[in-house]
Structures are given as structure tokens and as C-alpha cells.
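**Q** Structure supplied as final09.txt; contents: compact mmCIF, C-alpha atoms.
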# COMPACT_ATOMS: atom_id res chain seq x y z
CA MET H 1 16.67 59.96 65.55
CA PRO H 2 13.68 61.58 67.25
CA ASP H 3 11.60 64.05 65.21
CA ARG H 4 12.30 66.84 67.74
CA LEU H 5 16.06 66.51 67.22
CA ASN H 6 15.62 66.29 63.44
CA ASN H 7 13.58 69.50 63.37
CA MET H 8 15.99 71.27 65.69
CA LEU H 9 19.00 70.28 63.59
CA THR H 10 17.25 71.25 60.36
CA SER H 11 16.51 74.70 61.75
CA ARG H 12 20.08 75.14 62.98
CA ILE H 13 21.53 73.84 59.71
CA ASP H 14 19.45 76.24 57.64
CA THR H 15 20.60 79.16 59.77
CA ARG H 16 24.23 78.12 59.85
CA CYS H 17 24.28 77.41 56.11
CA LEU H 18 22.87 80.83 55.38
CA LEU H 19 25.39 82.57 57.63
CA SER H 20 28.30 80.52 56.29
CA LEU H 21 27.36 81.10 52.68
CA VAL H 22 26.97 84.83 53.25
CA LEU H 23 30.39 84.94 54.94
CA PHE H 24 31.89 82.86 52.14
CA PHE H 25 30.66 85.13 49.35
CA ILE H 26 31.61 88.32 51.24
CA LEU H 27 35.18 87.07 51.59
CA PHE H 28 35.55 85.77 48.10
CA SER H 29 33.83 88.65 46.33
CA THR H 30 36.21 91.02 48.13
CA ALA H 31 39.41 89.01 47.83
CA LEU H 32 39.11 87.49 44.39
CA ALA H 33 37.38 90.41 42.70
CA ARG H 34 36.71 89.20 39.14
CA ALA H 35 38.06 85.66 39.58
CA GLU H 36 35.63 83.17 38.09
CA ILE H 37 34.22 80.30 40.16
CA SER H 38 32.65 77.52 38.16
CA GLU H 39 29.15 76.24 38.87
CA LYS H 40 30.62 72.87 39.84
CA GLN H 41 32.96 74.52 42.36
CA GLN H 42 30.04 76.48 43.82
CA GLN H 43 28.00 73.30 44.24
CA GLU H 44 30.87 71.50 45.95
CA THR H 45 31.30 74.48 48.26
CA TYR H 46 27.60 74.42 49.20
CA GLN H 47 27.89 70.77 50.18
CA GLN H 48 30.99 71.31 52.31
CA LEU H 49 29.46 74.29 54.07
CA GLU H 50 26.33 72.27 54.81
CA SER H 51 28.52 69.61 56.43
CA PHE H 52 30.32 72.26 58.46
CA ALA H 53 27.05 73.80 59.67
CA ALA H 54 25.64 70.39 60.55
CA ILE H 55 28.72 69.46 62.59
CA LEU H 56 28.68 72.79 64.38
CA SER H 57 25.00 72.38 65.29
CA ILE H 58 25.56 68.87 66.64
CA LEU H 59 28.49 70.08 68.72
CA GLN H 60 26.47 72.97 70.11
CA GLU H 61 23.74 70.60 71.25
CA HIS H 62 25.55 67.42 72.31
CA TYR H 63 29.23 68.14 73.07
CA VAL H 64 30.20 67.19 76.63
CA GLU H 65 30.69 70.86 77.55
CA GLU H 66 29.16 74.05 76.21
CA ILE H 67 31.34 75.30 73.38
CA ASP H 68 32.39 78.84 72.57
CA THR H 69 30.91 79.11 69.09
CA LYS H 70 32.94 82.18 68.14
CA ALA H 71 36.21 80.54 69.19
CA VAL H 72 35.33 77.34 67.34
CA ILE H 73 34.55 79.18 64.12
CA GLU H 74 37.74 81.25 64.40
CA GLY H 75 39.66 78.01 64.90
CA ALA H 76 38.06 76.55 61.78
CA ILE H 77 38.99 79.62 59.76
CA ASN H 78 42.58 79.46 61.04
CA GLY H 79 42.74 75.78 60.17
CA LEU H 80 41.47 76.52 56.67
CA LEU H 81 44.12 79.17 56.05
CA LEU H 82 47.01 77.29 57.65
CA SER H 83 46.24 74.30 55.42
CA LEU H 84 47.07 76.52 52.42
CA ASP H 85 50.47 77.98 53.33
CA PRO H 86 52.33 79.28 56.40
CA HIS H 87 51.75 82.96 55.55
CA SER H 88 47.95 83.07 55.14
CA SER H 89 46.07 83.69 58.37
CA TYR H 90 42.98 85.12 59.98
CA LEU H 91 43.65 88.26 61.99
CA LYS H 92 41.37 88.84 64.93
CA PRO H 93 40.56 92.53 65.47
CA GLU H 94 43.37 92.86 68.05
CA HIS H 95 45.82 91.05 65.75
CA TYR H 96 44.84 93.27 62.84
CA ARG H 97 45.50 96.37 64.95
CA GLU H 98 48.89 94.96 65.96
CA PHE H 99 49.74 94.34 62.32
CA GLN H 100 48.95 97.96 61.48
CA GLU H 101 51.12 99.11 64.39
CA GLU H 102 54.07 97.13 63.05
CA THR H 103 54.11 99.11 59.82
CA SER H 104 53.01 102.52 61.07
CA GLY H 105 53.51 102.72 64.84
CA ALA H 106 55.69 101.48 67.66
CA PHE H 107 54.80 98.37 69.60
CA THR H 108 56.05 96.61 72.71
CA GLY H 109 57.57 93.15 72.45
CA ILE H 110 60.87 91.31 72.02
CA GLY H 111 61.56 92.19 68.36
CA ILE H 112 61.36 89.12 66.13
CA GLU H 113 59.62 88.26 62.85
CA ILE H 114 58.24 84.72 62.89
CA THR H 115 56.60 82.25 60.53
CA LEU H 116 55.59 78.60 60.38
CA LYS H 117 58.23 76.35 58.83
CA ASP H 118 57.40 72.65 58.53
CA GLY H 119 54.63 73.28 61.03
CA VAL H 120 57.02 74.70 63.64
CA LEU H 121 57.11 78.32 64.78
CA THR H 122 60.38 79.63 63.33
CA VAL H 123 62.27 82.93 63.58
CA ILE H 124 62.69 84.70 60.23
CA ALA H 125 64.96 87.31 61.76
CA PRO H 126 65.45 89.32 64.94
CA ILE H 127 65.07 93.09 64.60
CA GLU H 128 68.30 94.94 65.28
CA ASP H 129 68.86 96.44 68.75
CA THR H 130 65.83 94.70 70.27
CA PRO H 131 65.74 92.32 73.25
CA ALA H 132 65.71 89.28 70.93
CA ALA H 133 68.74 90.44 68.94
CA LYS H 134 70.69 91.38 72.06
CA ALA H 135 69.96 87.97 73.61
CA GLY H 136 71.39 86.18 70.58
CA ILE H 137 68.20 84.91 68.93
CA LYS H 138 69.00 84.02 65.30
CA ALA H 139 67.22 83.35 62.02
CA ASN H 140 65.88 79.78 61.73
CA ASP H 141 65.71 79.34 65.51
CA ARG H 142 62.66 77.22 66.35
CA ILE H 143 60.42 78.42 69.17
CA ILE H 144 59.15 75.32 70.96
CA LYS H 145 57.64 76.94 74.05
CA ILE H 146 56.59 80.40 75.23
CA ASN H 147 56.35 80.71 79.01
CA ASP H 148 56.23 76.87 79.28
CA GLU H 149 53.31 76.78 76.82
CA PHE H 150 54.03 74.62 73.76
CA THR H 151 53.67 76.46 70.45
CA LYS H 152 52.59 73.44 68.41
CA GLY H 153 49.32 74.21 66.67
CA LYS H 154 49.63 77.96 67.22
CA SER H 155 49.63 80.44 64.36
CA PRO H 156 52.31 83.15 64.18
CA PHE H 157 49.75 85.70 65.36
CA ASP H 158 48.81 83.53 68.34
CA ALA H 159 52.49 83.44 69.26
CA VAL H 160 52.88 87.19 68.78
CA LYS H 161 50.06 87.75 71.28
CA LEU H 162 52.00 85.71 73.85
CA LEU H 163 55.30 87.43 73.08
CA ARG H 164 53.97 90.95 73.46
CA GLY H 165 53.15 92.64 76.73
CA PRO H 166 53.87 95.69 78.88
CA LYS H 167 57.29 97.27 78.68
CA GLY H 168 59.60 95.86 81.36
CA SER H 169 57.71 92.57 81.73
CA GLU H 170 59.46 89.26 81.10
CA VAL H 171 58.76 86.43 78.68
CA THR H 172 60.66 83.12 78.48
CA ILE H 173 61.02 81.29 75.19
CA SER H 174 62.47 77.82 74.67
CA ILE H 175 64.57 77.65 71.51
CA PHE H 176 65.94 74.77 69.49
CA ARG H 177 68.74 75.54 67.04
CA GLU H 178 70.33 73.26 64.49
CA GLY H 179 73.39 71.64 66.07
CA TRP H 180 72.01 71.85 69.61
CA GLN H 181 71.26 68.69 71.57
CA GLU H 182 68.55 70.21 73.74
CA LEU H 183 66.32 73.24 74.18
CA LYS H 184 67.74 76.46 75.54
CA GLU H 185 65.65 78.97 77.46
CA PHE H 186 65.92 82.73 76.88
CA THR H 187 64.25 85.08 79.35
CA LEU H 188 63.71 88.42 77.64
CA VAL H 189 62.51 91.75 78.97
CA ARG H 190 59.92 93.32 76.68
CA ASP H 191 60.70 96.78 75.34
CA ILE H 192 59.38 99.31 72.86
CA ILE H 193 60.38 98.21 69.36
CA PRO H 194 61.60 101.32 67.55
CA LEU H 195 59.97 102.62 64.41
CA GLN H 196 63.24 103.71 62.85
CA SER H 197 64.16 101.24 60.12
CA VAL H 198 67.25 102.94 58.62
CA ARG H 199 70.69 103.67 60.07
CA SER H 200 73.90 104.87 58.51
CA TYR H 201 77.44 106.07 59.10
CA VAL H 202 80.48 107.09 57.12
CA ILE H 203 83.11 104.34 57.03
CA ARG H 204 85.70 106.70 55.62
CA PRO H 205 85.34 109.84 53.50
CA GLY H 206 83.45 108.89 50.34
CA LEU H 207 82.42 105.41 51.51
CA GLY H 208 79.12 104.96 53.34
CA TYR H 209 77.19 102.29 55.21
CA LEU H 210 73.37 102.12 55.06
CA ARG H 211 71.44 99.60 57.17
CA ILE H 212 67.74 98.82 56.60
CA THR H 213 66.26 96.66 59.36
CA ASN H 214 62.77 96.25 57.84
CA PHE H 215 60.47 97.95 55.33
CA GLN H 216 57.92 100.22 57.00
CA ARG H 217 55.82 103.07 55.68
CA ASN H 218 58.58 105.66 56.07
CA THR H 219 61.56 103.51 55.04
CA THR H 220 62.15 105.11 51.63
CA LYS H 221 61.90 108.61 53.12
CA GLU H 222 64.36 107.65 55.86
CA ALA H 223 66.74 106.07 53.32
CA ARG H 224 66.78 109.26 51.23
CA GLU H 225 67.54 111.35 54.32
CA HIS H 226 70.38 109.07 55.41
CA LEU H 227 71.90 109.04 51.92
CA ALA H 228 71.80 112.84 51.95
CA ARG H 229 73.69 112.87 55.28
CA LEU H 230 76.30 110.48 53.93
CA ARG H 231 76.90 112.91 51.05
CA GLN H 232 77.24 116.00 53.22
CA ALA H 233 81.05 115.92 53.50
CA GLU H 234 81.72 114.77 49.93
CA PRO H 235 80.01 112.80 47.15
CA LEU H 236 79.63 109.08 47.72
CA GLN H 237 82.22 106.96 45.97
CA GLY H 238 80.76 103.68 47.23
CA LEU H 239 78.09 102.28 49.55
CA ILE H 240 77.44 99.14 51.61
CA LEU H 241 73.70 98.39 51.82
CA ASP H 242 73.15 96.03 54.77
CA LEU H 243 69.97 93.94 54.53
CA ARG H 244 71.03 91.18 56.92
CA ASN H 245 68.30 89.97 59.28
CA ASN H 246 65.79 92.16 57.46
CA PRO H 247 62.53 90.13 57.59
CA GLY H 248 60.83 92.22 54.90
CA GLY H 249 57.73 94.37 55.15
CA LEU H 250 55.84 96.51 52.67
CA LEU H 251 56.25 95.68 48.99
CA ASP H 252 55.95 99.29 47.80
CA GLN H 253 58.76 100.38 50.13
CA ALA H 254 61.06 97.64 48.81
CA VAL H 255 60.32 98.79 45.26
CA ASN H 256 60.99 102.43 46.12
CA VAL H 257 64.25 101.63 47.90
CA ALA H 258 65.44 99.57 44.93
CA ASP H 259 64.52 102.51 42.70
CA LEU H 260 67.03 104.66 44.60
CA PHE H 261 69.83 102.54 43.16
CA LEU H 262 68.54 101.67 39.67
CA ALA H 263 68.40 104.02 36.71
CA GLU H 264 65.77 102.10 34.76
CA GLY H 265 64.33 98.68 34.07
CA LEU H 266 62.23 96.12 35.88
CA ILE H 267 62.48 95.87 39.67
CA VAL H 268 60.02 93.06 40.39
CA TYR H 269 56.80 91.60 39.00
CA THR H 270 54.04 89.51 40.59
CA ARG H 271 51.90 86.73 39.18
CA GLY H 272 48.72 85.37 40.78
CA ARG H 273 45.58 83.46 39.83
CA ASN H 274 43.66 86.73 39.77
CA GLN H 275 44.81 88.75 36.77
CA ASP H 276 44.31 91.98 38.71
CA LEU H 277 47.25 90.95 40.90
CA ASN H 278 49.68 90.57 37.98
CA LEU H 279 51.66 93.73 38.58
CA THR H 280 54.92 95.10 37.23
CA TYR H 281 57.17 97.57 39.05
CA GLU H 282 59.84 99.51 37.17
CA ALA H 283 62.60 101.93 38.08
CA HIS H 284 61.99 105.55 37.09
CA ARG H 285 64.25 107.50 34.78
CA ASP H 286 63.86 110.61 36.90
CA GLU H 287 66.88 112.65 37.88
CA LYS H 288 68.82 110.67 40.45
CA THR H 289 70.50 112.43 43.31
CA GLU H 290 73.97 111.58 42.03
CA SER H 291 75.90 109.34 39.69
CA PHE H 292 75.77 105.62 40.38
CA TYR H 293 78.57 104.62 42.70
CA PRO H 294 79.82 101.06 43.40
CA LEU H 295 77.39 99.17 45.60
CA VAL H 296 77.79 96.11 47.86
CA VAL H 297 74.66 94.50 49.35
CA LEU H 298 74.99 92.37 52.49
CA VAL H 299 72.45 89.54 52.99
CA ASN H 300 72.08 86.42 55.14
CA GLU H 301 69.57 83.72 56.04
CA GLY H 302 67.51 86.35 57.90
CA SER H 303 67.03 88.48 54.77
CA ALA H 304 63.50 87.75 53.57
CA SER H 305 60.67 88.88 51.33
CA ALA H 306 61.02 92.62 50.63
CA ALA H 307 64.75 92.48 51.39
CA GLU H 308 65.09 89.73 48.78
CA ILE H 309 63.26 91.89 46.24
CA VAL H 310 65.88 94.62 46.62
CA ALA H 311 68.81 92.19 46.54
CA GLY H 312 67.37 90.32 43.55
CA ALA H 313 66.85 93.52 41.54
CA VAL H 314 70.40 94.74 42.28
CA GLN H 315 71.83 91.35 41.34
CA ASP H 316 69.87 90.90 38.10
CA HIS H 317 70.77 94.40 36.89
CA HIS H 318 74.44 93.87 37.81
CA ARG H 319 74.12 97.08 39.79
CA GLY H 320 76.14 95.80 42.72
CA VAL H 321 77.77 92.78 44.33
CA ILE H 322 75.70 90.61 46.69
CA VAL H 323 77.80 89.38 49.64
CA GLY H 324 76.98 87.08 52.56
CA THR H 325 74.94 83.88 52.77
CA LYS H 326 71.82 82.53 51.03
CA THR H 327 68.66 84.41 51.95
CA PHE H 328 65.49 83.06 53.60
CA GLY H 329 63.54 82.37 50.41
CA LYS H 330 60.08 83.92 50.89
CA GLY H 331 58.87 84.68 47.40
CA SER H 332 55.15 85.22 47.94
CA VAL H 333 52.95 88.29 48.29
CA GLN H 334 50.29 88.61 50.99
CA THR H 335 47.25 90.88 50.69
CA ILE H 336 45.48 92.12 53.82
CA ILE H 337 41.70 92.36 53.43
CA PRO H 338 39.82 94.26 56.19
CA LEU H 339 36.64 92.53 57.40
CA ALA H 340 33.50 94.16 58.70
CA ASP H 341 34.06 93.32 62.38
CA GLY H 342 37.53 94.91 62.49
CA ALA H 343 39.31 91.65 61.77
CA GLY H 344 41.47 91.01 58.72
CA LEU H 345 42.23 88.26 56.25
CA ARG H 346 45.89 87.85 55.35
CA MET H 347 45.96 85.86 52.14
CA THR H 348 48.75 84.83 49.79
CA THR H 349 47.67 86.23 46.44
CA ALA H 350 50.74 86.08 44.20
CA ARG H 351 54.34 85.05 43.74
CA TYR H 352 56.95 87.63 42.94
CA TYR H 353 59.78 87.32 40.44
CA THR H 354 63.09 89.11 40.03
CA PRO H 355 63.78 91.07 36.80
CA ASN H 356 65.30 87.95 35.18
CA GLY H 357 62.18 85.93 35.97
CA ARG H 358 63.54 84.08 39.00
CA SER H 359 61.19 82.94 41.73
CA ILE H 360 63.15 82.80 44.96
CA GLN H 361 60.41 80.89 46.80
CA ALA H 362 62.17 78.36 49.07
CA THR H 363 65.46 78.86 47.18
CA GLY H 364 66.46 82.38 48.20
CA ILE H 365 69.03 84.72 46.68
CA ILE H 366 72.46 83.17 46.25
CA PRO H 367 75.17 85.79 46.94
CA ASP H 368 77.73 86.56 44.26
CA ILE H 369 80.38 86.14 46.94
CA VAL H 370 79.56 83.78 49.80
CA VAL H 371 80.97 84.87 53.17
CA GLU H 372 79.88 82.84 56.18
CA ALA H 373 79.60 84.66 59.48
CA SER H 374 82.61 83.94 61.67
CA ASN H 375 81.96 82.54 65.13
CA GLY H 376 85.05 84.35 66.27
CA GLY H 377 83.46 87.59 65.21
CA ASN H 378 86.60 89.42 64.07
CA GLY H 379 86.78 88.16 60.52
CA SER H 380 90.53 87.62 60.76
CA THR H 381 92.06 85.13 58.34
CA GLU H 382 95.22 84.84 60.36
CA SER H 383 95.36 81.81 62.64
CA GLY H 384 95.55 82.00 66.40
CA SER H 385 97.61 84.65 68.08
CA ASP H 386 100.85 83.96 66.19
CA GLU H 387 102.57 87.21 65.28
CA VAL H 388 103.31 87.87 61.62
CA MET H 389 106.99 88.57 60.92
CA ARG H 390 107.72 91.50 58.63
CA GLU H 391 110.81 93.57 57.81
CA GLU H 392 109.80 96.16 60.38
CA ASN H 393 110.03 93.49 63.10
CA LEU H 394 113.66 92.62 62.35
CA GLU H 395 116.30 94.03 64.63
CA ASN H 396 118.39 96.81 63.05
CA HIS H 397 116.18 96.96 59.95
CA PHE H 398 116.68 99.90 57.60
CA PHE H 399 114.30 102.80 58.14
CA ASN H 400 112.43 104.34 55.29
CA GLN H 401 113.33 107.97 54.74
CA GLY H 402 111.29 110.08 57.09
CA GLU H 403 109.92 107.01 58.92
CA ALA H 404 110.95 108.28 62.34
CA GLU H 405 108.75 111.34 62.02
CA ALA H 406 105.91 109.76 60.04
CA THR H 407 102.80 108.71 61.96
CA PRO H 408 100.56 106.25 60.08
CA THR H 409 97.10 107.65 59.45
CA PRO H 410 94.36 105.12 60.26
CA GLU H 411 92.25 104.22 57.23
CA VAL H 412 89.06 104.47 59.30
CA ALA H 413 88.14 105.83 62.71
CA ALA H 414 88.73 103.58 65.72
CA GLU H 415 84.98 103.08 66.32
CA ILE H 416 84.42 101.99 62.71
CA GLN H 417 87.47 99.72 62.79
CA GLU H 418 86.06 98.01 65.87
CA ARG H 419 82.83 97.27 64.00
CA LEU H 420 84.80 95.86 61.09
CA ASP H 421 86.90 93.71 63.41
CA GLN H 422 83.80 92.26 65.07
CA ASP H 423 81.90 91.58 61.84
CA ASN H 424 83.78 89.52 59.24
CA GLN H 425 80.97 89.85 56.67
CA LEU H 426 81.05 93.63 56.96
CA GLN H 427 84.85 93.53 56.70
CA ALA H 428 84.58 91.46 53.51
CA ALA H 429 82.00 93.86 52.08
CA TYR H 430 84.27 96.80 52.86
CA ASN H 431 87.24 95.17 51.13
CA ILE H 432 85.11 94.37 48.08
CA LEU H 433 83.76 97.92 47.98
CA LYS H 434 87.30 99.36 48.12
CA SER H 435 88.22 97.13 45.19
CA LEU H 436 85.21 98.30 43.19
CA VAL H 437 85.97 101.95 43.90
CA LEU H 438 89.58 101.44 42.90
CA PHE H 439 88.58 99.66 39.69
CA ALA H 440 86.09 102.43 38.87
CA SER H 441 88.89 104.98 39.19
CA PHE H 442 90.97 102.96 36.71
CA GLU H 443 88.12 103.04 34.20
CA GLU H 444 87.68 106.80 34.56
CA GLU H 445 91.33 107.61 33.80
CA PRO H 446 93.01 104.50 32.35
CA GLY H 447 96.80 104.53 32.55
CA LYS H 448 96.92 107.44 34.96
CA PRO H 449 98.37 106.80 38.44
CA VAL H 450 95.77 106.84 41.16
CA SER H 451 96.47 108.61 44.43
CA ARG H 452 95.57 106.70 47.56
Translate the structure described by the file into C-alpha cells.

**A**
Amino acid sequence: MPDRLNNMLTSRIDTRCLLSLVLFFILFSTALARAEISEKQQQETYQQLESFAAILSILQEHYVEEIDTKAVIEGAINGLLLSLDPHSSYLKPEHYREFQEETSGAFTGIGIEITLKDGVLTVIAPIEDTPAAKAGIKANDRIIKINDEFTKGKSPFDAVKLLRGPKGSEVTISIFREGWQELKEFTLVRDIIPLQSVRSYVIRPGLGYLRITNFQRNTTKEAREHLARLRQAEPLQGLILDLRNNPGGLLDQAVNVADLFLAEGLIVYTRGRNQDLNLTYEAHRDEKTESFYPLVVLVNEGSASAAEIVAGAVQDHHRGVIVGTKTFGKGSVQTIIPLADGAGLRMTTARYYTPNGRSIQATGIIPDIVVEASNGGNGSTESGSDEVMREENLENHFFNQGEAEATPTPEVAAEIQERLDQDNQLQAAYNILKSLVLFASFEEEPGKPVSR
């Protein structure tokens, strides 16, 4: 090799090595804090970084076209993180801002949480009442193309950038779902994804429904307010907590929501290589808003991460009954580290464990009572449209005294009944909750008739 090229490469290598090493120690001194790195590991790292700098310099000088050095380095960083696990990633400044918006401000998009599963961009869950949910996108759907651009090799944040855009604009995604023979295209109109993460309504006096769609900065505050509204007419006798298709969110909000339903004890604990990240979260023995009523928690394959923390804590403490299908199984904790240029490093730093020491990573939470979602949507166990024959259907049957004047009082309002009819998992949860409330009344006054 000519001396000129040798000298040029040596100069470039020295510069690149210095820059790479500085970047390396900035990242690791921030992220790992007091974690020890052996002298042997440091030496091996020096050698690898020298190789990287040498390759970059050769590419800059001799590649067939002029390369975008910044893009190449960002690609290398992304490749490094994606080789570790599907949840670690490099956030460009615009991606980091978008991440902050997701937890503290509204954003415009189609409303899905995505991850990499077996190297394929996969839906964790659609967010309720968003374009994706309304179009029928489901958990575990695989996104093969976005606007005819294949997603292979793209990180979740690369995909998010393609999925977002101005309100009212369209984006087409090609989906493959288990059981399908071919891809199906969905053309969605982007909309503002609402900040509100909690909804509720009274099923019938004393029985409430609380839905948490994801865990944002104000979720616990919103949950408290909704619980207070549910108690306005009369004290709660039972509650359905719906965490289906909840992709997770902020760990502290999951802990605080779980604390609303637990009197004391462990909620979740984390374990990582860095001892500073071994944290324990417990329920507080402060004065709760009311006595602990029967609780049913609804989950499905779209319930992930923070939602699994709440469900796992309720299940391990025998605080309530978990109903639905097995959850997603994301049992790791990611830490976001801001970088000097406005970018961010999203890094998996720990695993979390339920109070009984269970790691749900890749296994999920198994419901106490498994109820698959019905394709028919009404949850009916009666077959077809065959009418059921009862005494009241027989010609000339005897009337009960006063039957002619009596008008049956619906158990729930027509609007609520329609929701129950269209959602067999919710119907099952309601029936279980009624049973728990009834059993609780037996325990309070054993042997005494209960009015219904």
C-alpha cells in the first residue's frame, strides 16, 4: 500500500479511535454508573473500536459513492443495539422527542404499539379508539410493508416515523396474521392519538368498569378521578379492571395503579447487572379510599409490560381474579438515557419480577380463568338461533301471581347490555364479578338471606 495512503489512514484511524472511545466512555459512564469493566474487557473494546474506525476510514476514502458518515454511524449504533434485544434502540433527536410526546403529549398517527419479534415488526397492541383499532388491527399482527416499503431491517422507531404524519393523511400497511394465506392491506387515516388513558362507566349500581389503555404520566391521577366518579352514587361493591390491549408504558404509573388496589406487600421488583437498578416497589399502608371490593382483571395477548405488572401483582396477592387470555410476555425494563445532541439511548437494564418471584419474560401472565374472545362477538353459549323452550312459552301456562302487572326490570341499562352482548370476555368478567360480590355478601352475614 502506498505510503500516502498509509499515512492518511493512520491519521483518520487516530481521529476516529479517539472520537469512538470518547463516545463509548460517555455512554457507558452514564448508563452503567458504578458497573465495573475489567481491564481485559477494556482492551478488547479498544481493539474492536480500532477495527471500526479503520473500516469507516476506508469506506470514506474508497467506497464507490460518497457515504453519509452520520447515517452510517447511526446505522452501526442501531445494529449494535438490535443485536442485543428487540427493545434496546438508538433514538435520533426527532425520535426522542416523539417518545416524550407519547408519555406526556398528544401525537398524530394510527395508534399502535410495535416491537420486533423474531426480527419482524410486530404489533403489541392497538390503542383503543384509534384508526388502527377501528380498522381491526390486532396484537401479534406482523407489519410487512408500510406504503409499499418493506419493513425488514427497520427498527420500531424507523417504522413509527413512517406511520406518523399530518392529521387526515393516509398510510397503507400490509399485514400478515396467523391463519391468513396472504398479506392484507389496511389504508388508515392518521388522527390525533388522545392523551386520555382511563375510561369508566357504571355497569349497574355498585358495580363499576375501569379501562386503562396505556400507562402515561397522568394515568394514576386519572384512575383515582374515575374511581371517585364510580363511587358517587353508592360505594363500589365490585370492579372490572380492563387491561386488554394495553401495551404498557411508565413503570412508576403501573406501580401506583397497582397500589390503588393493594393494602400492603410487594408489587414488583427489578434485577439487573448494575446493582443500582435492583429496585423494590411496595404497596403503601396509607388510608385507602374505601374497603377492598371484589376485583376482576381482564387481560389478553395485547396486555404487555406495565399492564402485566399490575395483573401479576393482583394475581400473586390473590386480590382479584384474572380473566381472558395469556398476556404478551414483556418482562424487561428499559431506561432512557438522554445524549448530548438531543438523541436518546433506550437500553434494557433489568428484568422485573412479580411478588412471587415470577419472571413473565416470553411466558406472560396466565389468567386464572381463560376466556377466548368470541369471533361472533356476543359471547352467547347458546347455539345458532334456536329458541329456548321454557314454561312461559307453553300455551295456557299458569301465571305467577301478579305476573300480568309486573314489568321485569333490566339488570343493566340497554347501552351497557349491548356492550356485554358484543364482548364475551367482558360478559364473562361481569358474571364472575357478580359471583364474587354474592359470595362476599354470604361471608358478611352467613346464614342470612340475601336480597337481590

**Q** Pick the closest to Leu82 in chain H from H:Val296, H:Val120, H:Ala53, H:Ile432: which is it, counting all atoms listed in the file?

**A**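 Distance minimum relative to Leu82 in chain H lands on H:Val120.
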
**Q** Using all atoms listed in the file, which of the listed residues (H:Ile110, H:Val64, H:Leu230, H:Val189) sits closest to Pro205 in chain H?

**A**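 Closest to Pro205 in chain H, using all atoms listed in the file: H:Leu230.
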
**Q** Write out as an NGL selection string the residues lying within 10 Å of range 220-229 of chain H, counting only C-alpha atoms and excluding same-chain residues fewer than 3 positions away.

**A** :H and (196-202 or 208-212 or 215-217 or 232-236 or 239 or 252-260 or 289)

**Q** Env of Asp118 in chain H: 12 Å cut, atoms = all atoms listed in the file, seq-sep filter 3 positions within chain, self excluded. Answer as number ranges by chain.

**A** H: 82-83, 85-86, 115, 121-122, 140, 142, 152-153

**Q** Tell me which of H:Gln361, H:Asn218, H:Thr151, H:Gln237 sits closest to Arg204 in chain H, counting only C-alpha atoms.

**A**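 The closest residue to Arg204 in chain H is H:Gln237.
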
**Q** Check the smallest atom-to-atom distance from each of H:Ala340, H:Ile77, H:Ala54, H:Leu188 to Ile112 in chain H using only C-alpha atoms, then report the winner.

**A**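 Nearest to Ile112 in chain H: H:Leu188.
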
**Q** I'd like the interatomic distance between CA of Ala414 in chain H and CA of Lys434 in chain H, to a tenth of an Å.

**A**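 CA of Ala414 in chain H sits 18.2 Å away from CA of Lys434 in chain H.
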